[in-house]
Amino acid sequence: MRLTRRSALGVLGSAVLGGSLGHAAASEAAPASIPDDQPVPVIYDSDMDFDDASTLAYLCEEHKLGRIDLRAVTVANNGFGHPERTLRHARSVLEQCGLPQVPVAEGATGAGVHPAPPELVATIENVLTGALGDASLPRYRAPMSAPDLICRTVLDSARPVTVVATGPLTNLAAALCVPRVAARIGRIQIMGGALEVPGNLYGSALPGFDNSQEFNMWLDPVSARTVLRKALSSSVYLVPLDATASVPITRTFIARLAANQDAPGARLAYRIASQPDLLALIDLGIMYWWDAAAAVALVHEELAPFRDARVDVVQDGVQSGRTMVSPAGSRVHAAFDVNTEAFEQRFLDSLNGRP
């Protein structure tokens, strides 16, 4: 399916009617002169680890298929990507996928609450540098910050914008603090949280982490709560570990990728997934298509049904960053399952530029 303005306006309209915003905000966000069948503008915000890079390749191919309009790519420099390389890797993916015109920007280094484990950052950097072949290229510098690019893209758009967020929510939280930005975002699709399942498992001791949290929320729980509270009511769609547990990365799927190399997105995703450092983790059965599941479920909504929940984010203590269903929490739509076979086929087809 194509993610059209009509589907985004359904979300935006219900949010405005159910919230405290008036008709002026709804009118500003959705001019009647825009055709209903146009693909919705999308901003992709991530921390550019291996899964984010594969997801960006996927979004590039969906853009070329006309199912989304990829307007901007922003990266958070407080996640699992190396802060001096995240923007270069994003730029490399866009260029290799044939979309060098898409603007990029990065967030502040060291922002957030909890630093990512350095050994994981180093591993991911090895994977991406090996897959993208951009080790010799200098650090890319953008003319503005990630929150500024998000705000500019949202406020300059004649149509409500969808934000896909698959890293710590630091950039998006800062953007939502700017007047009128929340009212101009039609949907926020977040990979994050763990509602009815355990969090990410990590063997070493980490401050404020007891394996009940999903990493994206743990990295910056303050920003996570800010996004849930400042976003328009009913505009937040959460794809937590409950859903992504259905999409492990397997050698079988990597073999299918190896045999399907019809478009740049597929070639990039295969080079990433087949890197030795990543294969070692895949063979342990602990790697999933976390971010890709959130992006595919955005464009192809039938793959992951959502249901309403009220969610809050623990701020302090050993469970900081834990997402909890709470009557006092913010309203979200949460996915609890993904159709594994349908996801893998759709992901493979889209990466290869197949309708």
# chains A, B, ... in the order shown; residues from 1 in each chain; ligands from 1
>>> closest_atom_pairs(of="stretch 257-298 of chain A", to="stretch 40-60 of chain A", cutoff="6 Å", atoms="only C-alpha atoms", output="JSON lines")
{"residue": "A:Gly265", "atom": "CA", "partner": "A:Ala57", "partner_atom": "CA", "distance": 4.6}
{"residue": "A:Ala269", "atom": "CA", "partner": "A:Ser54", "partner_atom": "CA", "distance": 5.0}
{"residue": "A:Asp291", "atom": "CA", "partner": "A:Asp51", "partner_atom": "CA", "distance": 6.0}
{"residue": "A:Ala292", "atom": "CA", "partner": "A:Thr55", "partner_atom": "CA", "distance": 4.9}
>>> select_by_dssp(residues="stretch 156-298 of chain A", states="helix (DSSP H, G or I)", output="MDAnalysis selection string")
chainID A and resid 156 170:176 182:184 215:219 221:230 241:244 251:259 264:273 276:282 290:298
>>> closest_atom_pairs(of="stretch 180-245 of chain A", to="stretch 75-93 of chain A", cutoff="9 Å", atoms="only C-alpha atoms", output="JSON lines")
{"residue": "A:Phe215", "atom": "CA", "partner": "A:Gly79", "partner_atom": "CA", "distance": 8.9}
{"residue": "A:Asn216", "atom": "CA", "partner": "A:Gly79", "partner_atom": "CA", "distance": 7.6}
{"residue": "A:Leu219", "atom": "CA", "partner": "A:Gly79", "partner_atom": "CA", "distance": 6.8}
{"residue": "A:Asp220", "atom": "CA", "partner": "A:Asn78", "partner_atom": "CA", "distance": 8.5}
>>> select_by_dssp(residues="stretch 121-293 of chain A", states="strand (DSSP E)", output="ChimeraX atom specification")
/A:161-165,185-191,236-239
>>> residues_around(residues="A:Trp289", least_positions_apart="2", cutoff="12 Å", atoms="only C-alpha atoms", output="PyMOL selection string")
chain A and resi 49-55+58+166+191+239-241+243-250+253-254+269+273+282+285-287+291-297+338+340+343-344+347
>>> residues_around(residues="A:Thr226", least_positions_apart="2", cutoff="10 Å", atoms="only C-alpha atoms", output="tab-separated table (two decimals) with N, CA and C atoms, in the first residue's frame")
chain	number	residue	atom	x	y	z
A	169	LEU	N	15.09	9.07	21.68
A	169	LEU	CA	14.17	10.08	21.17
A	169	LEU	C	14.62	11.51	21.46
A	170	THR	N	15.90	11.72	21.63
A	170	THR	CA	16.46	13.01	22.01
A	170	THR	C	16.16	14.09	20.98
A	172	LEU	N	13.84	14.17	18.60
A	172	LEU	CA	12.41	14.41	18.44
A	172	LEU	C	11.85	15.17	19.63
A	173	ALA	N	12.31	14.84	20.84
A	173	ALA	CA	11.83	15.55	22.02
A	173	ALA	C	12.16	17.04	21.93
A	174	ALA	N	13.37	17.35	21.50
A	174	ALA	CA	13.76	18.75	21.35
A	174	ALA	C	12.89	19.45	20.31
A	176	LEU	N	9.81	18.70	19.40
A	176	LEU	CA	8.43	18.84	19.86
A	176	LEU	C	8.25	19.96	20.86
A	177	CYS	N	9.34	20.45	21.42
A	177	CYS	CA	9.26	21.59	22.33
A	177	CYS	C	9.11	22.92	21.59
A	221	PRO	N	15.52	8.16	28.79
A	221	PRO	CA	14.13	8.06	29.27
A	221	PRO	C	13.44	9.41	29.41
A	222	VAL	N	14.20	10.46	29.68
A	222	VAL	CA	13.60	11.79	29.81
A	222	VAL	C	12.97	12.21	28.49
A	223	SER	N	13.71	12.06	27.40
A	223	SER	CA	13.18	12.41	26.10
A	223	SER	C	12.04	11.50	25.68
A	224	ALA	N	12.12	10.22	26.04
A	224	ALA	CA	11.05	9.29	25.70
A	224	ALA	C	9.73	9.75	26.32
A	228	LEU	N	6.18	11.19	24.41
A	228	LEU	CA	4.85	10.62	24.66
A	228	LEU	C	3.88	11.69	25.16
A	229	ARG	N	4.37	12.63	25.93
A	229	ARG	CA	3.49	13.63	26.52
A	229	ARG	C	3.23	14.82	25.61
A	230	LYS	N	4.18	15.18	24.77
A	230	LYS	CA	4.01	16.36	23.92
A	230	LYS	C	3.40	16.05	22.56
A	231	ALA	N	3.48	14.82	22.12
A	231	ALA	CA	2.89	14.47	20.83
A	231	ALA	C	1.37	14.57	20.91
A	313	VAL	N	7.08	6.00	31.06
A	313	VAL	CA	8.48	5.61	31.04
A	313	VAL	C	9.09	5.90	32.40
>>> residues_around(residues="stretch 315-330 of chain A", least_positions_apart="2", cutoff="8 Å", atoms="only C-alpha atoms", output="PyMOL selection string")
chain A and resi 193-195+199+207-210+212-215+217-222+228-229+233+309-313+332
>>> write_last_selection(atoms="C-alpha atoms", output="tab-separated table (two decimals), in the first residue's frame")
chain	number	residue	atom	x	y	z
A	193	GLY	CA	9.80	-0.15	24.68
A	194	ALA	CA	8.85	-3.52	26.10
A	195	LEU	CA	5.32	-3.75	27.47
A	199	GLY	CA	13.65	-5.89	27.86
A	207	PRO	CA	24.00	1.89	35.33
A	208	GLY	CA	20.24	2.08	35.71
A	209	PHE	CA	19.67	-1.12	33.73
A	210	ASP	CA	18.20	-4.42	34.94
A	212	SER	CA	13.55	-4.82	31.97
A	213	GLN	CA	14.17	-1.98	29.49
A	214	GLU	CA	14.42	-1.74	25.75
A	215	PHE	CA	17.64	0.05	24.83
A	217	MET	CA	14.07	4.07	25.83
A	218	TRP	CA	16.86	3.39	28.33
A	219	LEU	CA	19.34	5.61	26.48
A	220	ASP	CA	17.21	8.70	27.11
A	221	PRO	CA	14.13	8.06	29.27
A	222	VAL	CA	13.60	11.79	29.81
A	228	LEU	CA	4.85	10.62	24.66
A	229	ARG	CA	3.49	13.63	26.52
A	233	SER	CA	-3.06	12.42	21.41
A	309	ALA	CA	-2.56	1.39	25.50
A	310	ARG	CA	-1.49	3.98	28.04
A	311	VAL	CA	2.26	3.96	28.52
A	312	ASP	CA	4.68	5.72	30.85
A	313	VAL	CA	8.48	5.61	31.04
A	332	VAL	CA	-0.35	5.25	22.29
>>> closest_residue(among="A:Pro39, A:Val113, A:Asp349, A:Val178", to="A:His63", atoms="only C-alpha atoms")
A:Pro39
>>> atom_distance(atom1="atom CA of A:Gly112", atom2="atom CA of A:Val227")
13.4 Å
>>> closest_residue(among="A:Gln96, A:Gln101, A:Thr123, A:Gln261", to="A:Ala280", atoms="only C-alpha atoms")
A:Thr123
>>> residues_around(residues="stretch 266-268 of chain A", least_positions_apart="2", cutoff="7 Å", atoms="only C-alpha atoms", output="PyMOL selection string")
chain A and resi 57+257+261-264+270-272+351-352
>>> write_last_selection(atoms="N, CA and C atoms", output="short mmCIF file (atom, residue, chain, number, x, y, z; two decimals), in the first residue's frame")
data_model
loop_
_atom_site.label_atom_id
_atom_site.label_comp_id
_atom_site.auth_asym_id
_atom_site.auth_seq_id
_atom_site.Cartn_x
_atom_site.Cartn_y
_atom_site.Cartn_z
N ALA A 57 18.01 1.98 4.12
CA ALA A 57 18.05 1.43 2.77
C ALA A 57 16.64 1.03 2.32
N LEU A 257 18.44 -12.85 0.97
CA LEU A 257 18.98 -11.55 0.56
C LEU A 257 20.12 -11.73 -0.43
N GLN A 261 19.39 -9.48 -5.31
CA GLN A 261 20.23 -8.29 -5.29
C GLN A 261 19.87 -7.36 -6.44
N ASP A 262 18.56 -7.09 -6.60
CA ASP A 262 18.09 -6.33 -7.76
C ASP A 262 18.15 -4.82 -7.59
N ALA A 263 18.34 -4.34 -6.36
CA ALA A 263 18.32 -2.89 -6.11
C ALA A 263 19.38 -2.55 -5.07
N PRO A 264 19.80 -1.30 -5.02
CA PRO A 264 20.84 -0.92 -4.05
C PRO A 264 20.46 -1.21 -2.60
N TYR A 270 22.21 -6.67 2.52
CA TYR A 270 22.96 -7.93 2.56
C TYR A 270 24.39 -7.71 3.04
N ARG A 271 25.05 -6.67 2.56
CA ARG A 271 26.42 -6.42 3.00
C ARG A 271 26.48 -6.16 4.50
N ILE A 272 25.47 -5.48 5.03
CA ILE A 272 25.43 -5.24 6.47
C ILE A 272 25.21 -6.55 7.23
N LEU A 351 13.15 -3.97 -0.51
CA LEU A 351 14.59 -3.74 -0.66
C LEU A 351 15.04 -3.91 -2.10
N ASN A 352 14.34 -4.77 -2.83
CA ASN A 352 14.68 -5.02 -4.24
C ASN A 352 13.89 -4.16 -5.20
#
>>> closest_residue(among="A:Leu65, A:Leu279, A:Ala304, A:Met144", to="A:Ala108", atoms="only C-alpha atoms")
A:Met144
>>> closest_residue(among="A:Val299, A:Phe306, A:Glu341, A:Leu120", to="A:Glu62", atoms="only C-alpha atoms")
A:Val299
